[in-house]
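**Q** Mind having a look at this structure? Questions to follow.
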Amino acid sequence: QKEVEQNSGPLSVPEGAIASLNCTYSDRGSQSFFWYRQYSGKSPELIMFIYSNGDKEDGRFTAQLNKASQYVSLLIRDSQPSDSATYLCAVGWGYGGSQGNLIFGKGTKLSVKP
Amino acid sequence: GAGVSQSPSNKVTEKGKDVELRCDPISGHTALYWYRQSLGQGLEFLIYFQGNSAPDKSGLPSDRFSAERTGGSVSTLTIQRTQQEDSAVYLCASSPTGAETQYFGPGTRLLVL
């Protein structure tokens, strides 16, 4: 059974702080990792994807991947109230080497307080 | 370019009725996915299409659920004899070939009374 685990939160941080969101996964064969943001009542939207061990930065967001520990995280620097949402971690698996199917975690709810 | 579209955006039906949900993926995307999200819950995978074929139907919760895709484009998810536990948001996503990022539609909110 492939599983993706996230703390449900809520994670509350003050405006301007760093928010750290964590995710672990069970399938060692997974090769692709995604972070989606979902505002209440809206559909998920992609923030970042990462395929290689290490850090990947995009603006205020940094994704970190450690395949040996089966761990992926998302750091949000200078958190803003508009970052308040549920963050979904998704891990790819698939057929014949494709990583097209995603297993989603249940999400971590982030609240950024002004 | 248009994103993934879904219709209807909201559907209220009575228990026991059949419903059809439609997904129109991003033009040229060969992979299409259906998910279900119940209130406060994570995304539950239902079915995946590559072109018109469905290599993975493992997520369909019961034989009341079926889906098809024609012309490598539009997909319909059909729920027969709806039950109250079918109430959820049904999300469709597409990706270019199935090995990349999935882009989500706005969802169909289904309420079974």
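Residues in the structure tokens are numbered from 1 in each chain, the chains being A, B, ... in the order shown, and ligands are numbered from 1 in the order shown.
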Show me, as an NGL selection string, every residue of chain B with an atom at most 12 Å from chain A, counting only C-alpha atoms.

**A** :B and (3-6 or 9 or 30-50 or 54-59 or 88-109)

**Q** Using DSSP secondary structure from the backbone, list all strand (DSSP E or B) positions within segment 44-110 of chain B, as a PyMOL selection string.

**A** chain B and resi 44-50+53-56+65-69+75-79+88-95+103-104+108-110

**Q** Could you give me, as a PyMOL selection string, the residues within 6 Å of Val12 of chain B, counting only C-alpha atoms and dropping anything in the same chain fewer than 2 positions from it?

**A** chain B and resi 110-112

**Q** Can you pull out every residue within 9 Å of Lys109 of chain A, counting only C-alpha atoms, but drop anything in the same chain fewer than 5 positions away, and send it as a ChimeraX atom specification?

**A** /A:7-12,84-88

**Q** Store the residues of this selection in a file with C-alpha atoms, as a JSON list (two decimals), in the first residue's frame.

**A**
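result_27.json, written as the output of this step:
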[["chain", "number", "residue", "atom", "x", "y", "z"],
["A", 7, "ASN", "CA", 0.70, 16.34, 9.65],
["A", 8, "SER", "CA", -2.81, 17.68, 9.31],
["A", 9, "GLY", "CA", -2.04, 20.79, 11.33],
["A", 10, "PRO", "CA", -3.14, 23.43, 11.62],
["A", 11, "LEU", "CA", 0.32, 24.92, 11.47],
["A", 12, "SER", "CA", 0.22, 28.50, 12.61],
["A", 84, "SER", "CA", -2.87, 30.46, 4.37],
["A", 85, "ALA", "CA", -4.17, 27.32, 2.69],
["A", 86, "THR", "CA", -3.90, 23.55, 2.78],
["A", 87, "TYR", "CA", -0.69, 22.22, 1.29],
["A", 88, "LEU", "CA", -0.85, 18.82, -0.36]]

**Q** Have a look at A:Lys2, A:Trp35, A:Ile47, A:Val112 and name the one nearest to Leu21 of chain A; count only C-alpha atoms.

**A**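 That would be A:Trp35, the residue with the smallest distance to Leu21 of chain A.
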
**Q** Excluding Asn22 of chain A and any residue of its chain fewer than 2 positions from it, enumerate the residues within 9 Å of it, using only C-alpha atoms, and give them as a PyMOL selection string.

**A** chain A and resi 5-7+20+24+71-75+89+108

**Q** Could you dump the residues just selected with all heavy atoms as a PDB file, in the first residue's frame?

**A**
ATOM      1  N   GLU A   5       2.292  10.597   3.977  1.00  0.00           N
ATOM      2  CA  GLU A   5       1.859  11.074   5.281  1.00  0.00           C
ATOM      3  C   GLU A   5       2.249  12.531   5.493  1.00  0.00           C
ATOM      4  O   GLU A   5       3.379  12.938   5.193  1.00  0.00           O
ATOM      5  CB  GLU A   5       2.506  10.234   6.393  1.00  0.00           C
ATOM      6  CG  GLU A   5       2.174   8.754   6.342  1.00  0.00           C
ATOM      7  CD  GLU A   5       0.780   8.464   6.833  1.00  0.00           C
ATOM      8  OE1 GLU A   5       0.174   9.349   7.480  1.00  0.00           O
ATOM      9  OE2 GLU A   5       0.263   7.356   6.555  1.00  0.00           O
ATOM     10  N   GLN A   6       1.293  13.301   5.991  1.00  0.00           N
ATOM     11  CA  GLN A   6       1.532  14.691   6.356  1.00  0.00           C
ATOM     12  C   GLN A   6       0.843  14.957   7.686  1.00  0.00           C
ATOM     13  O   GLN A   6      -0.205  14.371   7.965  1.00  0.00           O
ATOM     14  CB  GLN A   6       0.918  15.653   5.328  1.00  0.00           C
ATOM     15  CG  GLN A   6       1.486  15.582   3.950  1.00  0.00           C
ATOM     16  CD  GLN A   6       0.783  16.593   3.041  1.00  0.00           C
ATOM     17  OE1 GLN A   6      -0.056  16.225   2.222  1.00  0.00           O
ATOM     18  NE2 GLN A   6       1.137  17.856   3.194  1.00  0.00           N
ATOM     19  N   ASN A   7       1.420  15.863   8.474  1.00  0.00           N
ATOM     20  CA  ASN A   7       0.702  16.344   9.647  1.00  0.00           C
ATOM     21  C   ASN A   7      -0.463  17.201   9.189  1.00  0.00           C
ATOM     22  O   ASN A   7      -0.301  18.055   8.331  1.00  0.00           O
ATOM     23  CB  ASN A   7       1.621  17.182  10.543  1.00  0.00           C
ATOM     24  CG  ASN A   7       2.604  16.318  11.289  1.00  0.00           C
ATOM     25  OD1 ASN A   7       2.303  15.181  11.627  1.00  0.00           O
ATOM     26  ND2 ASN A   7       3.784  16.851  11.534  1.00  0.00           N
ATOM     27  N   SER A  20       7.403  25.590   7.673  1.00  0.00           N
ATOM     28  CA  SER A  20       8.030  24.340   7.255  1.00  0.00           C
ATOM     29  C   SER A  20       6.989  23.229   7.226  1.00  0.00           C
ATOM     30  O   SER A  20       6.377  22.907   8.243  1.00  0.00           O
ATOM     31  CB  SER A  20       9.162  23.976   8.227  1.00  0.00           C
ATOM     32  OG  SER A  20       9.738  22.736   7.863  1.00  0.00           O
ATOM     33  N   THR A  24       6.255  12.457   4.400  1.00  0.00           N
ATOM     34  CA  THR A  24       7.001  11.213   4.226  1.00  0.00           C
ATOM     35  C   THR A  24       6.193  10.286   3.326  1.00  0.00           C
ATOM     36  O   THR A  24       4.969  10.395   3.233  1.00  0.00           O
ATOM     37  CB  THR A  24       7.267  10.507   5.570  1.00  0.00           C
ATOM     38  OG1 THR A  24       6.010  10.232   6.214  1.00  0.00           O
ATOM     39  CG2 THR A  24       8.122  11.361   6.481  1.00  0.00           C
ATOM     40  N   TYR A  71      11.634  11.422   2.466  1.00  0.00           N
ATOM     41  CA  TYR A  71      11.157  12.634   3.122  1.00  0.00           C
ATOM     42  C   TYR A  71      11.238  13.786   2.137  1.00  0.00           C
ATOM     43  O   TYR A  71      12.234  13.955   1.428  1.00  0.00           O
ATOM     44  CB  TYR A  71      12.074  12.887   4.325  1.00  0.00           C
ATOM     45  CG  TYR A  71      11.833  14.146   5.100  1.00  0.00           C
ATOM     46  CD1 TYR A  71      10.977  14.150   6.190  1.00  0.00           C
ATOM     47  CD2 TYR A  71      12.511  15.317   4.781  1.00  0.00           C
ATOM     48  CE1 TYR A  71      10.781  15.293   6.927  1.00  0.00           C
ATOM     49  CE2 TYR A  71      12.315  16.462   5.518  1.00  0.00           C
ATOM     50  CZ  TYR A  71      11.455  16.443   6.601  1.00  0.00           C
ATOM     51  OH  TYR A  71      11.258  17.586   7.330  1.00  0.00           O
ATOM     52  N   VAL A  72      10.163  14.559   2.077  1.00  0.00           N
ATOM     53  CA  VAL A  72      10.163  15.752   1.243  1.00  0.00           C
ATOM     54  C   VAL A  72       9.514  16.878   2.046  1.00  0.00           C
ATOM     55  O   VAL A  72       8.572  16.637   2.819  1.00  0.00           O
ATOM     56  CB  VAL A  72       9.437  15.497  -0.098  1.00  0.00           C
ATOM     57  CG1 VAL A  72       8.006  15.055   0.107  1.00  0.00           C
ATOM     58  CG2 VAL A  72       9.491  16.685  -1.007  1.00  0.00           C
ATOM     59  N   SER A  73      10.062  18.066   1.912  1.00  0.00           N
ATOM     60  CA  SER A  73       9.526  19.190   2.676  1.00  0.00           C
ATOM     61  C   SER A  73       9.380  20.418   1.791  1.00  0.00           C
ATOM     62  O   SER A  73       9.943  20.495   0.697  1.00  0.00           O
ATOM     63  CB  SER A  73      10.423  19.507   3.874  1.00  0.00           C
ATOM     64  OG  SER A  73      11.681  19.969   3.424  1.00  0.00           O
ATOM     65  N   LEU A  74       8.596  21.348   2.288  1.00  0.00           N
ATOM     66  CA  LEU A  74       8.397  22.633   1.618  1.00  0.00           C
ATOM     67  C   LEU A  74       8.603  23.729   2.648  1.00  0.00           C
ATOM     68  O   LEU A  74       7.973  23.719   3.709  1.00  0.00           O
ATOM     69  CB  LEU A  74       6.987  22.734   1.029  1.00  0.00           C
ATOM     70  CG  LEU A  74       6.664  24.049   0.316  1.00  0.00           C
ATOM     71  CD1 LEU A  74       7.452  24.160  -0.996  1.00  0.00           C
ATOM     72  CD2 LEU A  74       5.164  24.176   0.043  1.00  0.00           C
ATOM     73  N   LEU A  75       9.522  24.647   2.341  1.00  0.00           N
ATOM     74  CA  LEU A  75       9.735  25.813   3.191  1.00  0.00           C
ATOM     75  C   LEU A  75       9.159  27.032   2.493  1.00  0.00           C
ATOM     76  O   LEU A  75       9.378  27.230   1.285  1.00  0.00           O
ATOM     77  CB  LEU A  75      11.227  26.030   3.434  1.00  0.00           C
ATOM     78  CG  LEU A  75      11.998  24.891   4.101  1.00  0.00           C
ATOM     79  CD1 LEU A  75      13.474  25.263   4.224  1.00  0.00           C
ATOM     80  CD2 LEU A  75      11.406  24.579   5.459  1.00  0.00           C
ATOM     81  N   CYS A  89       1.003  17.304  -0.339  1.00  0.00           N
ATOM     82  CA  CYS A  89       2.192  16.637  -0.862  1.00  0.00           C
ATOM     83  C   CYS A  89       1.715  15.497  -1.758  1.00  0.00           C
ATOM     84  O   CYS A  89       0.773  14.774  -1.398  1.00  0.00           O
ATOM     85  CB  CYS A  89       3.016  16.102   0.310  1.00  0.00           C
ATOM     86  SG  CYS A  89       4.405  15.049  -0.111  1.00  0.00           S
ATOM     87  N   THR A 108      -1.608  19.540   4.876  1.00  0.00           N
ATOM     88  CA  THR A 108      -1.350  20.289   6.105  1.00  0.00           C
ATOM     89  C   THR A 108      -1.970  21.662   5.952  1.00  0.00           C
ATOM     90  O   THR A 108      -1.687  22.371   4.976  1.00  0.00           O
ATOM     91  CB  THR A 108       0.153  20.449   6.369  1.00  0.00           C
ATOM     92  OG1 THR A 108       0.743  19.164   6.548  1.00  0.00           O
ATOM     93  CG2 THR A 108       0.393  21.300   7.611  1.00  0.00           C
TER      94      THR A 108
END

**Q** Any idea what the distance is between atom CA of Ile18 of chain A and atom CA of Ser69 of chain A?

**A**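 According to the coordinates, atom CA of Ile18 of chain A and atom CA of Ser69 of chain A are separated by 22.5 Å.
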
**Q** As a PyMOL selection string, please: the residues near Ile79 of chain B (cut-off 8 Å, only C-alpha atoms, same-chain neighbours under 5 positions excluded).

**A** chain B and resi 18-20+64-66

**Q** Can I get the selected residues back with C-alpha atoms, as a compact mmCIF listing (two decimals), in the first residue's frame?

**A**
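The result, written out as result38.txt:
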# COMPACT_ATOMS: atom_id res chain seq x y z
CA ASP B 18 -27.73 8.53 -11.95
CA VAL B 19 -25.36 11.44 -12.57
CA GLU B 20 -22.83 12.24 -15.26
CA ARG B 64 -21.78 1.97 -9.57
CA PHE B 65 -18.89 4.13 -10.78
CA SER B 66 -17.71 4.07 -14.37

**Q** Please indicate the distance in Å from atom CA of Gly28 of chain B to atom CA of Gly71 of chain B, rounded to one decimal place.

**A**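 Interatomic distance, atom CA of Gly28 of chain B to atom CA of Gly71 of chain B: 11.1 Å.
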
**Q** Rank nothing, just name the residue among B:Ser73, B:Thr82, B:Ser87, B:Asn10 nearest to Ser27 of chain B, using only C-alpha atoms.

**A** B:Ser73

**Q** For Thr76 of chain B, work out the shell of residues within 7 Å, counting only C-alpha atoms and skipping chain neighbours fewer than 5 positions away, then give it as an MDAnalysis selection string.

**A** chainID B and resid 20:23 67:69

**Q** So the first atom is atom CA of Val13 of chain A and the second is atom CA of Leu110 of chain A; what is the distance between them in Å, to one decimal place?

**A**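 Atom CA of Val13 of chain A sits 7.8 Å away from atom CA of Leu110 of chain A.
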